[in-house]
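**Student:** For reference, the structure I am asking about is given below.
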Amino acid sequence: QVQLVESGGGLVQPGGSLRLSCATSGFIFSGYAMSWYRQAPGKERELVAAITNGGSSTNYADSVKGRFTISRDNAKNTVYLQMNSLKPEDTAVYYCHLVFIRSYWGQGTQVTVSS
């Protein structure tokens with residue numbers, strides 16, 4: 001079965017960095033685009049970044065452009081989100097997402113940006 005397992009969240013001060021990972025299994029990872037979403041308290045879930053199956057094309061929400069980088073390692077079936085220059089407004093639960101016949105979500109990892 002398809003599994004998406006996020007890790008790497010935590011508490012970080014403003015201006016700091018975190019690297020999220022999403023380890024996957026149950027499908028041919030190299031054949032599918034992947035994305036990261038986030039959901040802050042009281043807000044709707046929003047797309048943060050996406051990457052094509054081969055990794056050659058990416059896109060980002062305007063709010064994270066220039067600060068976040070999505071990447072993938074098809075040999076490790078893992079997608080990453082490098083987050084730099086973090087701001088308090090980046091505080092949210094971050095989810096890995098896949099569309100493979102249907103929509104799949106990981107369990108999420110909490111990112112808190114606070115001094």
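Naming works like this for the structure tokens: A, B, ... for the chains as they're shown, residue 1 at the start of each chain, ligands 1 onward in shown order.
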Can you check which parts of range 7-38 of chain A lie within 6 Å of range 83-89 of chain A? Per residue, the shortest pair of atoms and distance in Å to one decimal, counting only C-alpha atoms, sorted by chain and number, as a Markdown table.
**Tutor:**
```
| residue | atom | partner | partner_atom | distance |
| --- | --- | --- | --- | --- |
| A:Pro14 | CA | A:Lys87 | CA | 5.1 |
| A:Gly15 | CA | A:Ser85 | CA | 4.1 |
| A:Gly16 | CA | A:Leu86 | CA | 5.5 |
| A:Ser17 | CA | A:Asn84 | CA | 4.4 |
| A:Leu18 | CA | A:Met83 | CA | 5.2 |
| A:Arg19 | CA | A:Met83 | CA | 5.9 |
```
**Student:** How about saving the chosen residues, C-alpha atoms kept, as an mmCIF file, in the first residue's frame?
**Tutor:**
```cif
data_model
loop_
_atom_site.group_PDB
_atom_site.id
_atom_site.type_symbol
_atom_site.label_atom_id
_atom_site.label_comp_id
_atom_site.auth_asym_id
_atom_site.auth_seq_id
_atom_site.Cartn_x
_atom_site.Cartn_y
_atom_site.Cartn_z
ATOM 1 C CA PRO A 14 12.928 33.148 12.915
ATOM 2 C CA GLY A 15 15.610 33.187 10.257
ATOM 3 C CA GLY A 16 16.487 29.573 10.879
ATOM 4 C CA SER A 17 16.335 26.542 8.618
ATOM 5 C CA LEU A 18 14.761 23.112 8.565
ATOM 6 C CA ARG A 19 14.830 20.259 6.085
#
```
**Student:** Show me, as an MDAnalysis selection string, the residues that have an atom within 12 Å of Asn59 in chain A when counting only C-alpha atoms, minus same-chain residues fewer than 5 positions from it.
**Tutor:** chainID A and resid 33:36 47:52 64:66 68:71
**Student:** Please produce an output containing N, CA and C atoms for each residue in the selection, written as a PDB file, in the first residue's frame.
**Tutor:**
```
ATOM      1  N   ALA A  33       4.836  12.998  -9.976  1.00  0.00           N
ATOM      2  CA  ALA A  33       5.120  14.268  -9.339  1.00  0.00           C
ATOM      3  C   ALA A  33       4.781  14.184  -7.853  1.00  0.00           C
ATOM      4  N   MET A  34       5.455  15.013  -7.077  1.00  0.00           N
ATOM      5  CA  MET A  34       5.206  15.065  -5.643  1.00  0.00           C
ATOM      6  C   MET A  34       5.057  16.520  -5.227  1.00  0.00           C
ATOM      7  N   SER A  35       4.398  16.733  -4.108  1.00  0.00           N
ATOM      8  CA  SER A  35       4.238  18.098  -3.631  1.00  0.00           C
ATOM      9  C   SER A  35       4.223  18.152  -2.110  1.00  0.00           C
ATOM     10  N   TRP A  36       4.434  19.358  -1.614  1.00  0.00           N
ATOM     11  CA  TRP A  36       4.312  19.662  -0.193  1.00  0.00           C
ATOM     12  C   TRP A  36       3.195  20.685  -0.014  1.00  0.00           C
ATOM     13  N   LEU A  47      -0.927  24.731  -1.082  1.00  0.00           N
ATOM     14  CA  LEU A  47       0.228  24.179  -1.780  1.00  0.00           C
ATOM     15  C   LEU A  47       1.452  25.035  -1.496  1.00  0.00           C
ATOM     16  N   VAL A  48       2.548  24.388  -1.128  1.00  0.00           N
ATOM     17  CA  VAL A  48       3.799  25.086  -0.866  1.00  0.00           C
ATOM     18  C   VAL A  48       4.753  24.943  -2.048  1.00  0.00           C
ATOM     19  N   ALA A  49       4.932  23.697  -2.505  1.00  0.00           N
ATOM     20  CA  ALA A  49       5.889  23.447  -3.583  1.00  0.00           C
ATOM     21  C   ALA A  49       5.558  22.124  -4.249  1.00  0.00           C
ATOM     22  N   ALA A  50       5.937  21.997  -5.518  1.00  0.00           N
ATOM     23  CA  ALA A  50       5.721  20.769  -6.254  1.00  0.00           C
ATOM     24  C   ALA A  50       6.914  20.504  -7.153  1.00  0.00           C
ATOM     25  N   ILE A  51       7.106  19.223  -7.484  1.00  0.00           N
ATOM     26  CA  ILE A  51       8.237  18.836  -8.318  1.00  0.00           C
ATOM     27  C   ILE A  51       7.790  17.728  -9.262  1.00  0.00           C
ATOM     28  N   THR A  52       8.258  17.783 -10.503  1.00  0.00           N
ATOM     29  CA  THR A  52       7.896  16.763 -11.469  1.00  0.00           C
ATOM     30  C   THR A  52       8.595  15.441 -11.154  1.00  0.00           C
ATOM     31  N   VAL A  64       6.788  31.539  -0.485  1.00  0.00           N
ATOM     32  CA  VAL A  64       8.010  30.809  -0.110  1.00  0.00           C
ATOM     33  C   VAL A  64       9.092  30.886  -1.175  1.00  0.00           C
ATOM     34  N   LYS A  65       8.806  31.500  -2.312  1.00  0.00           N
ATOM     35  CA  LYS A  65       9.794  31.597  -3.390  1.00  0.00           C
ATOM     36  C   LYS A  65      11.067  32.272  -2.904  1.00  0.00           C
ATOM     37  N   GLY A  66      12.190  31.656  -3.256  1.00  0.00           N
ATOM     38  CA  GLY A  66      13.476  32.206  -2.858  1.00  0.00           C
ATOM     39  C   GLY A  66      13.931  31.754  -1.484  1.00  0.00           C
ATOM     40  N   PHE A  68      12.404  28.522   0.059  1.00  0.00           N
ATOM     41  CA  PHE A  68      12.217  27.072   0.131  1.00  0.00           C
ATOM     42  C   PHE A  68      12.680  26.423  -1.171  1.00  0.00           C
ATOM     43  N   THR A  69      13.183  25.193  -1.043  1.00  0.00           N
ATOM     44  CA  THR A  69      13.589  24.419  -2.217  1.00  0.00           C
ATOM     45  C   THR A  69      13.072  22.997  -2.091  1.00  0.00           C
ATOM     46  N   ILE A  70      12.328  22.562  -3.087  1.00  0.00           N
ATOM     47  CA  ILE A  70      11.867  21.179  -3.130  1.00  0.00           C
ATOM     48  C   ILE A  70      12.835  20.377  -3.995  1.00  0.00           C
ATOM     49  N   SER A  71      13.117  19.158  -3.567  1.00  0.00           N
ATOM     50  CA  SER A  71      13.988  18.281  -4.335  1.00  0.00           C
ATOM     51  C   SER A  71      13.569  16.841  -4.089  1.00  0.00           C
TER      52      SER A  71
END
```
**Student:** If you count only C-alpha atoms, which residues fall within 9 Å of range 21-23 of chain A, apart from same-chain ones fewer than 2 positions away, as a PyMOL selection string?
**Tutor:** chain A and resi 3-9+19+25+76-82+95-96+106
**Student:** Keeping only N, CA, C and O atoms, write the selected residues as a tab-separated table (two decimals), in the first residue's frame.
**Tutor:**
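Everything below was put into out15.tsv:
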```
chain	number	residue	atom	x	y	z
A	3	GLN	N	2.48	4.53	1.13
A	3	GLN	CA	2.79	5.18	2.42
A	3	GLN	C	3.66	6.41	2.17
A	3	GLN	O	4.58	6.37	1.36
A	4	LEU	N	3.31	7.47	2.86
A	4	LEU	CA	4.08	8.72	2.85
A	4	LEU	C	4.38	9.06	4.30
A	4	LEU	O	3.44	9.23	5.09
A	5	VAL	N	5.65	9.18	4.65
A	5	VAL	CA	6.03	9.42	6.04
A	5	VAL	C	6.94	10.64	6.11
A	5	VAL	O	8.09	10.58	5.68
A	6	GLU	N	6.40	11.72	6.67
A	6	GLU	CA	7.17	12.95	6.80
A	6	GLU	C	8.01	12.94	8.07
A	6	GLU	O	7.63	12.31	9.07
A	7	SER	N	9.11	13.68	8.04
A	7	SER	CA	9.95	13.88	9.22
A	7	SER	C	10.73	15.17	9.05
A	7	SER	O	10.76	15.75	7.95
A	8	GLY	N	11.32	15.62	10.14
A	8	GLY	CA	12.19	16.78	10.07
A	8	GLY	C	11.62	18.07	10.63
A	8	GLY	O	12.31	19.09	10.68
A	9	GLY	N	10.37	18.05	11.05
A	9	GLY	CA	9.79	19.25	11.62
A	9	GLY	C	10.34	19.54	13.01
A	9	GLY	O	11.11	18.75	13.57
A	19	ARG	N	14.96	21.09	7.28
A	19	ARG	CA	14.83	20.26	6.08
A	19	ARG	C	13.83	19.15	6.38
A	19	ARG	O	14.07	18.32	7.26
A	25	SER	N	6.67	4.71	-0.14
A	25	SER	CA	6.71	3.32	-0.55
A	25	SER	C	5.35	2.94	-1.14
A	25	SER	O	4.36	3.66	-0.96
A	76	LYS	N	16.17	6.94	-3.54
A	76	LYS	CA	15.77	6.73	-2.15
A	76	LYS	C	14.26	6.86	-1.94
A	76	LYS	O	13.78	6.77	-0.81
A	77	ASN	N	13.52	7.09	-3.04
A	77	ASN	CA	12.06	7.24	-2.96
A	77	ASN	C	11.65	8.31	-1.94
A	77	ASN	O	10.70	8.13	-1.18
A	78	THR	N	12.39	9.40	-1.94
A	78	THR	CA	12.20	10.44	-0.94
A	78	THR	C	12.14	11.82	-1.59
A	78	THR	O	12.91	12.10	-2.51
A	79	VAL	N	11.24	12.64	-1.07
A	79	VAL	CA	11.16	14.04	-1.50
A	79	VAL	C	11.48	14.91	-0.29
A	79	VAL	O	11.16	14.55	0.85
A	80	TYR	N	12.13	16.04	-0.57
A	80	TYR	CA	12.61	16.91	0.49
A	80	TYR	C	12.05	18.32	0.33
A	80	TYR	O	11.67	18.73	-0.77
A	81	LEU	N	12.03	19.06	1.43
A	81	LEU	CA	11.72	20.48	1.39
A	81	LEU	C	12.73	21.19	2.29
A	81	LEU	O	12.66	21.06	3.51
A	82	GLN	N	13.65	21.89	1.66
A	82	GLN	CA	14.61	22.70	2.40
A	82	GLN	C	14.00	24.06	2.64
A	82	GLN	O	13.60	24.76	1.68
A	95	TYR	N	2.59	18.72	4.99
A	95	TYR	CA	2.17	17.42	4.50
A	95	TYR	C	2.79	17.13	3.14
A	95	TYR	O	2.86	18.00	2.26
A	96	CYS	N	3.18	15.90	2.96
A	96	CYS	CA	3.61	15.38	1.68
A	96	CYS	C	2.36	14.90	0.93
A	96	CYS	O	1.44	14.35	1.55
A	106	GLY	N	0.52	12.25	3.74
A	106	GLY	CA	1.22	11.76	4.90
A	106	GLY	C	0.53	12.21	6.17
A	106	GLY	O	-0.50	12.89	6.13
```
**Student:** If DSSP is run on the backbone, what residues of chain A are strand (DSSP E)? A reply as an MDAnalysis selection string would be ideal.
**Tutor:** chainID A and resid 3:7 10:12 18:25 34:39 46:51 58:60 68:73 78:83 92:100 102:105 109:113
